[in-house]
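J.: Please see the structure below; I have some questions.
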There are 2 protein chains.
Amino acid sequence: MPKYQDELDAVLRALADPTRRAVVERLAKSPAVVSDLAAPFSMALPSLMQHLRVLEDAGVVTSEKHGRVRTVSLRPGALDVLHLWLDEQRTPAERQADRLGIHLTRTNPKED
Amino acid sequence: MPKYQDELDAVLRALADPTRRAVVERLAKSPAVVSDLAAPFSMALPSLMQHLRVLEDAGVVTSEKHGRVRTVSLRPGALDVLHLWLDEQRTPAERQADRLGIHLTRTNPKED
């Protein structure tokens with residue numbers, strides 16, 4: 001598979017698990033240390049670390065270790081590949097509706 | 001899991017496979033009959049039917065049978081649940097950039 005497809009594949013596989021999605025939802029608010037990330041889940045730390053490894057291998061999160069504390073962050077632009085793919089899958093009818101929406105925003109810029 | 005999470009889970013699991021994504025990419029252009037969908041893939045028809053079943057169970061595609069011919073379509077709004085989830089995962093910095101972009105579009109509506 002070309003690079004874009006590989007990246008998309010890794011991101012989708014990483015997100016196709018509810019625990020990993022919950023970690024992403026938490027990290028969208030702010031970075032967190034591993035012990036805080038683990039707290040809401042009733043799973044052993046090694047299992048959570050395994051999920052974090054899948055997210056990091058897919059480029060969804062990054063982590064940094066300072067002393068004994070590892071801090072995990074959502075990688076900026078991590079989900080761009082998925083946004084891009086979703087945009088490409090809009091049907092012709094959806095594209096037409098989008099163009100209408102952009103036109104209305106431009107001709108009525110002050111209306112919310 | 002609540003209904004929204006169930007739906008998201010099914011859609012992500014369905015899309016976490018390159019063959020199923022290729023089917024979605026094809027159907028985003030127009031509906032297609034099963035034999036045409038199968039043509040680009042070097043897989044037995046029952047395997048492709050299995051992939052179509054996963055996509056249909058996840059609500060990503062719908063199909064209709066007329067006589068012996070089954071036509072498959074992308075379900076309108078099928079990927080909305082994923083758009084919604086992705087929007088929720090924008091980091092505070094990304095949200096700020098979005099607001100700036102909307103402001104610029106509104107104050108300079110004629111510029112592309």
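As shown in the structure tokens, the chain order sets the letters A, B, ...; within each chain, residues go from 1, and ligands are also counted from 1 in the order they appear.
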Write out as a PDB file with all heavy atoms, in the first residue's frame every residue belonging to chain A that has an atom at most 6 Å from any atom of chain B, counting only C-alpha atoms.
T.:
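Writing done, so here's iface15.pdb:
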ATOM      1  N   LEU A  12      -6.984   3.876  11.496  1.00  0.00           N
ATOM      2  CA  LEU A  12      -8.312   3.258  11.637  1.00  0.00           C
ATOM      3  C   LEU A  12      -8.262   2.019  12.538  1.00  0.00           C
ATOM      4  O   LEU A  12      -9.155   1.801  13.343  1.00  0.00           O
ATOM      5  CB  LEU A  12      -8.891   2.913  10.263  1.00  0.00           C
ATOM      6  CG  LEU A  12      -9.506   4.109   9.545  1.00  0.00           C
ATOM      7  CD1 LEU A  12      -9.769   3.792   8.084  1.00  0.00           C
ATOM      8  CD2 LEU A  12     -10.818   4.524  10.213  1.00  0.00           C
ATOM      9  N   ARG A  13      -7.201   1.213  12.387  1.00  0.00           N
ATOM     10  CA  ARG A  13      -7.079   0.040  13.251  1.00  0.00           C
ATOM     11  C   ARG A  13      -6.920   0.474  14.712  1.00  0.00           C
ATOM     12  O   ARG A  13      -7.461  -0.143  15.625  1.00  0.00           O
ATOM     13  CB  ARG A  13      -5.879  -0.826  12.845  1.00  0.00           C
ATOM     14  CG  ARG A  13      -6.169  -1.676  11.614  1.00  0.00           C
ATOM     15  CD  ARG A  13      -4.903  -2.358  11.105  1.00  0.00           C
ATOM     16  NE  ARG A  13      -5.063  -2.784   9.736  1.00  0.00           N
ATOM     17  CZ  ARG A  13      -5.547  -3.975   9.365  1.00  0.00           C
ATOM     18  NH1 ARG A  13      -5.890  -4.858  10.258  1.00  0.00           N
ATOM     19  NH2 ARG A  13      -5.676  -4.271   8.090  1.00  0.00           N
ATOM     20  N   ALA A  16     -10.332   1.619  16.056  1.00  0.00           N
ATOM     21  CA  ALA A  16     -11.408   0.614  16.041  1.00  0.00           C
ATOM     22  C   ALA A  16     -11.476  -0.156  17.356  1.00  0.00           C
ATOM     23  O   ALA A  16     -11.898  -1.316  17.384  1.00  0.00           O
ATOM     24  CB  ALA A  16     -11.226  -0.333  14.862  1.00  0.00           C
ATOM     25  N   GLU A  25     -10.018  10.523  23.342  1.00  0.00           N
ATOM     26  CA  GLU A  25     -10.985  11.531  23.828  1.00  0.00           C
ATOM     27  C   GLU A  25     -10.418  12.278  25.035  1.00  0.00           C
ATOM     28  O   GLU A  25     -10.541  13.498  25.139  1.00  0.00           O
ATOM     29  CB  GLU A  25     -12.315  10.844  24.200  1.00  0.00           C
ATOM     30  CG  GLU A  25     -13.080  10.373  22.962  1.00  0.00           C
ATOM     31  CD  GLU A  25     -14.192   9.385  23.275  1.00  0.00           C
ATOM     32  OE1 GLU A  25     -14.511   9.158  24.468  1.00  0.00           O
ATOM     33  OE2 GLU A  25     -14.744   8.783  22.314  1.00  0.00           O
ATOM     34  N   ALA A  28      -7.540  14.635  23.923  1.00  0.00           N
ATOM     35  CA  ALA A  28      -7.962  15.806  23.137  1.00  0.00           C
ATOM     36  C   ALA A  28      -8.138  17.013  24.057  1.00  0.00           C
ATOM     37  O   ALA A  28      -8.032  18.149  23.612  1.00  0.00           O
ATOM     38  CB  ALA A  28      -9.247  15.507  22.384  1.00  0.00           C
ATOM     39  N   GLN A  89     -14.708  10.824   0.441  1.00  0.00           N
ATOM     40  CA  GLN A  89     -15.822   9.875   0.286  1.00  0.00           C
ATOM     41  C   GLN A  89     -17.176  10.559   0.200  1.00  0.00           C
ATOM     42  O   GLN A  89     -18.206   9.885   0.163  1.00  0.00           O
ATOM     43  CB  GLN A  89     -15.848   8.845   1.421  1.00  0.00           C
ATOM     44  CG  GLN A  89     -14.557   8.100   1.645  1.00  0.00           C
ATOM     45  CD  GLN A  89     -13.738   7.869   0.394  1.00  0.00           C
ATOM     46  OE1 GLN A  89     -14.258   7.439  -0.633  1.00  0.00           O
ATOM     47  NE2 GLN A  89     -12.452   8.169   0.452  1.00  0.00           N
ATOM     48  N   THR A  91     -20.382  11.921  -1.294  1.00  0.00           N
ATOM     49  CA  THR A  91     -21.050  11.582  -2.552  1.00  0.00           C
ATOM     50  C   THR A  91     -21.263  12.867  -3.361  1.00  0.00           C
ATOM     51  O   THR A  91     -21.200  13.964  -2.808  1.00  0.00           O
ATOM     52  CB  THR A  91     -22.418  10.924  -2.277  1.00  0.00           C
ATOM     53  OG1 THR A  91     -23.212  11.860  -1.549  1.00  0.00           O
ATOM     54  CG2 THR A  91     -22.267   9.651  -1.457  1.00  0.00           C
ATOM     55  N   ARG A 106     -20.788  32.847   2.432  1.00  0.00           N
ATOM     56  CA  ARG A 106     -20.094  33.990   1.821  1.00  0.00           C
ATOM     57  C   ARG A 106     -21.035  35.137   1.487  1.00  0.00           C
ATOM     58  O   ARG A 106     -20.640  36.287   1.526  1.00  0.00           O
ATOM     59  CB  ARG A 106     -19.375  33.531   0.548  1.00  0.00           C
ATOM     60  CG  ARG A 106     -18.156  32.721   0.923  1.00  0.00           C
ATOM     61  CD  ARG A 106     -17.337  32.339  -0.274  1.00  0.00           C
ATOM     62  NE  ARG A 106     -16.112  31.696   0.184  1.00  0.00           N
ATOM     63  CZ  ARG A 106     -15.238  31.143  -0.616  1.00  0.00           C
ATOM     64  NH1 ARG A 106     -15.432  31.134  -1.906  1.00  0.00           N
ATOM     65  NH2 ARG A 106     -14.152  30.583  -0.115  1.00  0.00           N
ATOM     66  N   PRO A 109     -22.438  36.778   5.342  1.00  0.00           N
ATOM     67  CA  PRO A 109     -21.364  36.510   6.300  1.00  0.00           C
ATOM     68  C   PRO A 109     -21.715  36.839   7.741  1.00  0.00           C
ATOM     69  O   PRO A 109     -21.110  36.307   8.640  1.00  0.00           O
ATOM     70  CB  PRO A 109     -20.218  37.402   5.799  1.00  0.00           C
ATOM     71  CG  PRO A 109     -20.864  38.436   4.947  1.00  0.00           C
ATOM     72  CD  PRO A 109     -22.073  37.799   4.360  1.00  0.00           C
TER      73      PRO A 109
END
J.: Please superimpose chain B on chain A using every C-alpha atom, paired by order, in a least-squares fit, and write the moved chain as a short mmCIF file (atom, residue, chain, number, x, y, z; two decimals) with C-alpha atoms, in the first residue's frame.
T.:
data_model
loop_
_atom_site.label_atom_id
_atom_site.label_comp_id
_atom_site.auth_asym_id
_atom_site.auth_seq_id
_atom_site.Cartn_x
_atom_site.Cartn_y
_atom_site.Cartn_z
CA MET B 1 -0.02 0.01 -0.01
CA PRO B 2 1.20 3.58 -0.61
CA LYS B 3 2.26 5.64 2.44
CA TYR B 4 -1.07 7.51 2.77
CA GLN B 5 -2.99 4.21 2.75
CA ASP B 6 -0.59 2.68 5.31
CA GLU B 7 -1.06 5.66 7.61
CA LEU B 8 -4.85 5.58 7.21
CA ASP B 9 -4.88 1.84 7.86
CA ALA B 10 -2.86 2.21 11.08
CA VAL B 11 -5.03 5.10 12.34
CA LEU B 12 -8.31 3.26 11.64
CA ARG B 13 -7.08 0.05 13.26
CA ALA B 14 -5.95 2.07 16.28
CA LEU B 15 -9.34 3.80 16.58
CA ALA B 16 -11.41 0.63 16.04
CA ASP B 17 -11.14 -0.15 19.75
CA PRO B 18 -13.27 1.58 22.41
CA THR B 19 -10.48 1.76 25.03
CA ARG B 20 -8.10 3.42 22.58
CA ARG B 21 -10.84 5.86 21.50
CA ALA B 22 -11.47 6.73 25.17
CA VAL B 23 -7.74 7.48 25.54
CA VAL B 24 -7.86 9.76 22.47
CA GLU B 25 -10.97 11.53 23.84
CA ARG B 26 -9.15 12.16 27.14
CA LEU B 27 -5.98 13.42 25.40
CA ALA B 28 -7.94 15.79 23.15
CA LYS B 29 -8.55 17.84 26.33
CA SER B 30 -4.88 17.92 27.44
CA PRO B 31 -1.76 15.73 27.72
CA ALA B 32 -1.79 13.26 30.63
CA VAL B 33 0.58 11.04 32.56
CA VAL B 34 0.14 7.30 32.11
CA SER B 35 -1.15 6.65 35.64
CA ASP B 36 -3.90 9.29 35.17
CA LEU B 37 -4.81 7.79 31.79
CA ALA B 38 -5.08 4.34 33.39
CA ALA B 39 -7.31 5.47 36.30
CA PRO B 40 -10.74 5.36 34.55
CA PHE B 41 -10.13 1.88 33.09
CA SER B 42 -10.52 -1.36 34.99
CA MET B 43 -7.55 -2.95 33.25
CA ALA B 44 -4.03 -3.89 34.26
CA LEU B 45 -1.37 -1.29 33.47
CA PRO B 46 0.45 -3.57 30.95
CA SER B 47 -2.80 -3.86 28.93
CA LEU B 48 -3.18 -0.08 28.85
CA MET B 49 0.51 0.28 27.87
CA GLN B 50 -0.16 -2.11 24.98
CA HIS B 51 -3.05 0.11 23.78
CA LEU B 52 -0.81 3.21 24.09
CA ARG B 53 1.85 1.46 22.01
CA VAL B 54 -0.69 0.80 19.22
CA LEU B 55 -1.74 4.48 19.29
CA GLU B 56 1.90 5.63 19.25
CA ASP B 57 2.87 3.25 16.40
CA ALA B 58 -0.07 4.63 14.40
CA GLY B 59 1.20 8.18 15.02
CA VAL B 60 -1.97 9.14 16.90
CA VAL B 61 -0.17 9.92 20.18
CA THR B 62 3.38 10.82 21.24
CA SER B 63 4.96 10.34 24.65
CA GLU B 64 7.88 11.75 26.61
CA LYS B 65 9.53 10.35 29.72
CA HIS B 66 10.86 12.67 32.41
CA GLY B 67 12.41 10.66 35.23
CA ARG B 68 9.91 7.91 36.01
CA VAL B 69 6.90 9.79 34.65
CA ARG B 70 5.71 9.30 31.06
CA THR B 71 3.43 12.01 29.62
CA VAL B 72 1.26 11.16 26.61
CA SER B 73 -0.11 13.74 24.15
CA LEU B 74 -2.32 13.67 21.09
CA ARG B 75 -0.02 14.29 18.11
CA PRO B 76 -1.03 17.56 16.39
CA GLY B 77 -2.62 16.70 13.03
CA ALA B 78 -2.78 13.03 14.03
CA LEU B 79 -6.27 12.58 12.66
CA ASP B 80 -5.81 14.69 9.50
CA VAL B 81 -5.35 11.57 7.35
CA LEU B 82 -8.82 10.40 8.41
CA HIS B 83 -10.40 13.85 7.85
CA LEU B 84 -8.88 13.81 4.35
CA TRP B 85 -10.16 10.34 3.52
CA LEU B 86 -13.66 11.17 4.82
CA ASP B 87 -13.76 14.32 2.68
CA GLU B 88 -12.88 12.26 -0.39
CA GLN B 89 -15.82 9.91 0.28
CA ARG B 90 -18.49 12.59 0.07
CA THR B 91 -21.07 11.60 -2.53
CA PRO B 92 -21.83 13.96 -5.46
CA ALA B 93 -25.05 15.09 -3.64
CA GLU B 94 -23.09 15.88 -0.47
CA ARG B 95 -20.50 17.88 -2.45
CA GLN B 96 -23.30 19.94 -4.00
CA ALA B 97 -24.79 20.63 -0.54
CA ASP B 98 -21.30 21.68 0.71
CA ARG B 99 -20.91 24.14 -2.17
CA LEU B 100 -24.34 25.61 -1.41
CA GLY B 101 -23.37 25.98 2.27
CA ILE B 102 -20.12 27.80 1.37
CA HIS B 103 -22.03 30.07 -1.03
CA LEU B 104 -24.58 30.96 1.67
CA THR B 105 -21.83 31.66 4.24
CA ARG B 106 -20.11 33.99 1.77
CA THR B 107 -23.22 35.88 0.64
CA ASN B 108 -24.61 36.20 4.20
CA PRO B 109 -21.43 36.50 6.25
CA LYS B 110 -23.10 38.10 9.27
CA GLU B 111 -25.84 35.52 9.74
CA ASP B 112 -25.28 32.67 12.20
#
J.: Please identify the strand (DSSP E) residues within chain A (assignment by DSSP from backbone atoms) and present them as an NGL selection string.
T.: :A and (32-33 or 61-66 or 69-74)
J.: Where does DSSP see alpha helix (DSSP H) in chain A, if you list the residues as JSON, numbers by chain?
T.: {"A": [3, 4, 5, 6, 7, 8, 9, 10, 11, 12, 13, 14, 15, 18, 19, 20, 21, 22, 23, 24, 25, 26, 27, 28, 29, 34, 35, 36, 37, 38, 45, 46, 47, 48, 49, 50, 51, 52, 53, 54, 55, 56, 57, 80, 81, 82, 83, 84, 85, 86, 87, 88, 92, 93, 94, 95, 96, 97, 98, 99, 100, 101, 102, 103, 104, 105, 106, 107]}
